[in-house]
Amino acid sequence: MDNERRRSFGVHLVRLRRAANKSQPQLAADLCALSGVQSVTRNEVSRWERGGRVPDSWLPFLARALDSDLVELERAAAYARGETDTPPPGPTATLAALLPDGDPLTPAPGRTGRRLGADAVTALAGRVHGLRLADDVLTGGDLIGPAFRELRAAVRLYREHTHADDVRRALHVRIGELAQIAGWIASDAGRHDDAEHAYRLGISAARQAGDRPLTANLAGSLAYQWSNTGRERDAVTLAQAALDEAGADAPAKTRALFHDRTAWAHTRAGEPQPAMRALGQAHDALTDDHGPEAPQWAYWVCGEELDVMDARVYTQLRRPLRAVPLLTDVLARYDATHARELALYRSWLAVALADANEPEQAADTAQQVITASVDMTSDRTAERSRTVLRRLLDYTDVPEVGALLREHGHLVTERETLGR
């Protein structure tokens, strides 16, 4: 919880800095000028924003530099340090609190709202897909507020209005889709409890709609989060359950996605053979021309994305000779506007290069990852930057690696660095 609270403060600070149109170096320079002490660096600002540390005596100067409310900053900092259990109002408040208590899909008692028509559901579908497209180019910390506001509004729309059976089912589908992208955004922002809350809400909505592929997408998304947050065995079970839920007659793109998530779950659980089988099944599914058309939410699933998962599995299994060519090829063709994905994929390439005993190239790639990630409000890119640096600690005698660690070694914990 302490880490989650510190990260929530960091997300809030990033939002304030961006609203003030300042870079990390500019904010550091302003703090030095306001305080008269030349001790704040860009690295220290980055540490605050990643949740590695919560500023104390610097709060008044931060409020002045960012033209923000000092009392709100102090409340947010106190919550982040664990000095109070009451979350402050605003962006640092727990997002789960934005949803109704109890079963959020229970109609409001005595509801008297007008009958909801299909046009309202169509408009909601457009906003949901807009969030998906925004997630392609923005990061979790930037989108988490709008995503959960939309989710709250959609739930309220369901609870407070009456609707015909077909509209009710369509609304359940849209709530499920919205919950999935909101959960994905929250997970990227490091708000894993809020992500799980959204995924569970979405599973409930998708089941009520009878939409098995959507139910599987939500369950698979939660399994993916569990794979990366210490629940590897549970993730294997849930990923397989998602695949079973979708069924053999699910659209080809969706089956490919669910096989890919199963492959990753097995990989994280240390089960290479089932992982490799699942990768093959993902590619087979994607080339299946039969079956229904894929839903809109699967628009991004393609051979290129499957290649990335292949390479990630190979890297995790320490098979760099397979991983490096795949990632190099994908990165050469990848959409430059998808900055977070580029940073994440380069982080896997950096690790694979280190495993291939190419530390100079690994250091160069790692520098690209860190440079691209420094202003991102993405917990995933921050953690991947740390992972790459930890891997490069084996090559501290290589000049390129040594220079990288001197500049960015603060991203790795002091204990890890001193233990080498």
# chains A, B, ... in the order shown; residues from 1 in each chain; ligands from 1

call {"tool": "residues_around", "arguments": {"residues": "Leu16 of chain A", "least_positions_apart": "2", "cutoff": "10 Å", "atoms": "only C-alpha atoms", "output": "ChimeraX atom specification"}}
result
/A:10-14,18-22,62-63,65-68

call {"tool": "residues_around", "arguments": {"residues": "Thr254 of chain A", "least_positions_apart": "3", "cutoff": "10 Å", "atoms": "only C-alpha atoms", "output": "VMD selection string"}}
result
chain A and resid 213 to 214 216 to 217 243 246 250 to 251 257 to 260 282 285 to 286 293 to 295 297 to 299 301

call {"tool": "write_last_selection", "arguments": {"atoms": "N, CA and C atoms", "output": "PDB file, in the first residue's frame"}}
result
ATOM      1  N   PRO A 213     -16.494 -13.750 -25.475  1.00  0.00           N
ATOM      2  CA  PRO A 213     -15.171 -13.194 -25.776  1.00  0.00           C
ATOM      3  C   PRO A 213     -14.819 -11.978 -24.924  1.00  0.00           C
ATOM      4  N   LEU A 214     -15.796 -11.106 -24.657  1.00  0.00           N
ATOM      5  CA  LEU A 214     -15.527  -9.944 -23.819  1.00  0.00           C
ATOM      6  C   LEU A 214     -15.225 -10.372 -22.393  1.00  0.00           C
ATOM      7  N   ALA A 216     -13.885 -13.138 -21.539  1.00  0.00           N
ATOM      8  CA  ALA A 216     -12.536 -13.690 -21.598  1.00  0.00           C
ATOM      9  C   ALA A 216     -11.482 -12.593 -21.680  1.00  0.00           C
ATOM     10  N   ASN A 217     -11.779 -11.515 -22.400  1.00  0.00           N
ATOM     11  CA  ASN A 217     -10.813 -10.418 -22.504  1.00  0.00           C
ATOM     12  C   ASN A 217     -10.573  -9.773 -21.146  1.00  0.00           C
ATOM     13  N   LEU A 243      -9.435 -18.495 -21.759  1.00  0.00           N
ATOM     14  CA  LEU A 243      -9.396 -19.184 -23.054  1.00  0.00           C
ATOM     15  C   LEU A 243     -10.575 -20.143 -23.192  1.00  0.00           C
ATOM     16  N   ALA A 246     -13.877 -18.202 -23.767  1.00  0.00           N
ATOM     17  CA  ALA A 246     -14.072 -17.694 -25.122  1.00  0.00           C
ATOM     18  C   ALA A 246     -14.602 -18.777 -26.043  1.00  0.00           C
ATOM     19  N   ALA A 250     -14.798 -18.586 -30.978  1.00  0.00           N
ATOM     20  CA  ALA A 250     -14.577 -17.154 -30.808  1.00  0.00           C
ATOM     21  C   ALA A 250     -13.833 -16.605 -32.025  1.00  0.00           C
ATOM     22  N   PRO A 251     -13.939 -15.313 -32.311  1.00  0.00           N
ATOM     23  CA  PRO A 251     -13.212 -14.731 -33.442  1.00  0.00           C
ATOM     24  C   PRO A 251     -11.714 -15.022 -33.366  1.00  0.00           C
ATOM     25  N   LEU A 257      -5.220 -13.606 -29.095  1.00  0.00           N
ATOM     26  CA  LEU A 257      -4.887 -12.805 -27.921  1.00  0.00           C
ATOM     27  C   LEU A 257      -4.903 -13.644 -26.655  1.00  0.00           C
ATOM     28  N   PHE A 258      -5.914 -14.494 -26.492  1.00  0.00           N
ATOM     29  CA  PHE A 258      -6.032 -15.279 -25.264  1.00  0.00           C
ATOM     30  C   PHE A 258      -4.930 -16.338 -25.180  1.00  0.00           C
ATOM     31  N   HIS A 259      -4.539 -16.911 -26.325  1.00  0.00           N
ATOM     32  CA  HIS A 259      -3.402 -17.839 -26.313  1.00  0.00           C
ATOM     33  C   HIS A 259      -2.112 -17.107 -25.936  1.00  0.00           C
ATOM     34  N   ASP A 260      -1.955 -15.885 -26.430  1.00  0.00           N
ATOM     35  CA  ASP A 260      -0.765 -15.100 -26.100  1.00  0.00           C
ATOM     36  C   ASP A 260      -0.678 -14.830 -24.598  1.00  0.00           C
ATOM     37  N   ALA A 282      -1.337 -19.314 -30.738  1.00  0.00           N
ATOM     38  CA  ALA A 282      -1.727 -17.933 -31.023  1.00  0.00           C
ATOM     39  C   ALA A 282      -1.553 -17.625 -32.507  1.00  0.00           C
ATOM     40  N   ALA A 285      -4.156 -19.478 -34.566  1.00  0.00           N
ATOM     41  CA  ALA A 285      -5.483 -18.866 -34.462  1.00  0.00           C
ATOM     42  C   ALA A 285      -5.596 -17.630 -35.343  1.00  0.00           C
ATOM     43  N   LEU A 286      -4.529 -16.835 -35.371  1.00  0.00           N
ATOM     44  CA  LEU A 286      -4.587 -15.580 -36.124  1.00  0.00           C
ATOM     45  C   LEU A 286      -4.735 -15.824 -37.618  1.00  0.00           C
ATOM     46  N   GLU A 293     -16.521 -12.222 -37.271  1.00  0.00           N
ATOM     47  CA  GLU A 293     -15.656 -11.048 -37.337  1.00  0.00           C
ATOM     48  C   GLU A 293     -15.226 -10.641 -35.923  1.00  0.00           C
ATOM     49  N   ALA A 294     -14.011 -10.162 -35.808  1.00  0.00           N
ATOM     50  CA  ALA A 294     -13.491  -9.770 -34.495  1.00  0.00           C
ATOM     51  C   ALA A 294     -14.196  -8.518 -33.984  1.00  0.00           C
ATOM     52  N   PRO A 295     -14.403  -8.402 -32.670  1.00  0.00           N
ATOM     53  CA  PRO A 295     -14.997  -7.187 -32.110  1.00  0.00           C
ATOM     54  C   PRO A 295     -14.035  -6.008 -32.252  1.00  0.00           C
ATOM     55  N   TRP A 297     -12.773  -4.056 -30.124  1.00  0.00           N
ATOM     56  CA  TRP A 297     -11.719  -3.921 -29.127  1.00  0.00           C
ATOM     57  C   TRP A 297     -10.480  -4.739 -29.464  1.00  0.00           C
ATOM     58  N   ALA A 298     -10.580  -5.645 -30.445  1.00  0.00           N
ATOM     59  CA  ALA A 298      -9.422  -6.456 -30.847  1.00  0.00           C
ATOM     60  C   ALA A 298      -8.700  -5.858 -32.049  1.00  0.00           C
ATOM     61  N   TYR A 299      -8.949  -4.562 -32.334  1.00  0.00           N
ATOM     62  CA  TYR A 299      -8.394  -3.937 -33.537  1.00  0.00           C
ATOM     63  C   TYR A 299      -6.869  -4.011 -33.599  1.00  0.00           C
ATOM     64  N   VAL A 301      -4.794  -6.386 -32.469  1.00  0.00           N
ATOM     65  CA  VAL A 301      -4.170  -7.712 -32.513  1.00  0.00           C
ATOM     66  C   VAL A 301      -3.756  -8.022 -33.948  1.00  0.00           C
TER      67      VAL A 301
END

call {"tool": "closest_residue", "arguments": {"among": "A:Gly140, A:Val121, A:Phe9, A:Val37", "to": "Ala80 of chain A", "atoms": "only C-alpha atoms"}}
result
A:Phe9

call {"tool": "residues_around", "arguments": {"residues": "segment 386-391 of chain A", "least_positions_apart": "5", "cutoff": "7 Å", "atoms": "only C-alpha atoms", "output": "ChimeraX atom specification"}}
result
/A:347,350-351,366,411-412

call {"tool": "write_last_selection", "arguments": {"atoms": "all heavy atoms", "output": "compact mmCIF listing (two decimals), in the first residue's frame"}}
result
# COMPACT_ATOMS: atom_id res chain seq x y z
N SER A 347 12.96 -2.03 -24.14
CA SER A 347 13.48 -2.54 -22.86
C SER A 347 13.71 -4.05 -22.94
O SER A 347 14.69 -4.57 -22.39
CB SER A 347 12.51 -2.21 -21.71
OG SER A 347 11.36 -3.05 -21.72
N ALA A 350 16.86 -4.54 -24.94
CA ALA A 350 18.07 -4.26 -24.15
C ALA A 350 18.45 -5.46 -23.29
O ALA A 350 19.63 -5.83 -23.19
CB ALA A 350 17.86 -3.03 -23.28
N VAL A 351 17.45 -6.08 -22.65
CA VAL A 351 17.73 -7.26 -21.83
C VAL A 351 18.23 -8.41 -22.69
O VAL A 351 19.18 -9.11 -22.33
CB VAL A 351 16.47 -7.67 -21.03
CG1 VAL A 351 16.69 -9.01 -20.33
CG2 VAL A 351 16.11 -6.60 -20.00
N ALA A 366 19.18 0.78 -23.79
CA ALA A 366 18.66 1.17 -22.48
C ALA A 366 18.57 2.68 -22.35
O ALA A 366 17.61 3.22 -21.77
CB ALA A 366 19.54 0.60 -21.38
N LEU A 411 17.96 4.99 -10.36
CA LEU A 411 16.70 4.28 -10.59
C LEU A 411 16.70 2.89 -9.95
O LEU A 411 15.65 2.31 -9.72
CB LEU A 411 16.44 4.14 -12.09
CG LEU A 411 16.27 5.44 -12.88
CD1 LEU A 411 16.15 5.15 -14.36
CD2 LEU A 411 15.05 6.20 -12.38
N VAL A 412 17.88 2.36 -9.70
CA VAL A 412 18.03 1.06 -9.06
C VAL A 412 18.26 1.30 -7.58
O VAL A 412 18.93 2.24 -7.18
CB VAL A 412 19.21 0.27 -9.67
CG1 VAL A 412 19.28 -1.14 -9.10
CG2 VAL A 412 19.09 0.22 -11.17

call {"tool": "residues_around", "arguments": {"residues": "Leu31 of chain A", "least_positions_apart": "6", "cutoff": "12 Å", "atoms": "only C-alpha atoms", "output": "PyMOL selection string"}}
result
chain A and resi 22+24-25+37-42+44-45+55+57-66

call {"tool": "closest_residue", "arguments": {"among": "A:Val137, A:Leu151, A:Leu321, A:Ala29", "to": "Leu105 of chain A", "atoms": "only C-alpha atoms"}}
result
A:Leu151

call {"tool": "atom_distance", "arguments": {"atom1": "atom CA of Ala323 of chain A", "atom2": "atom CA of Val369 of chain A"}}
result
17.2 Å
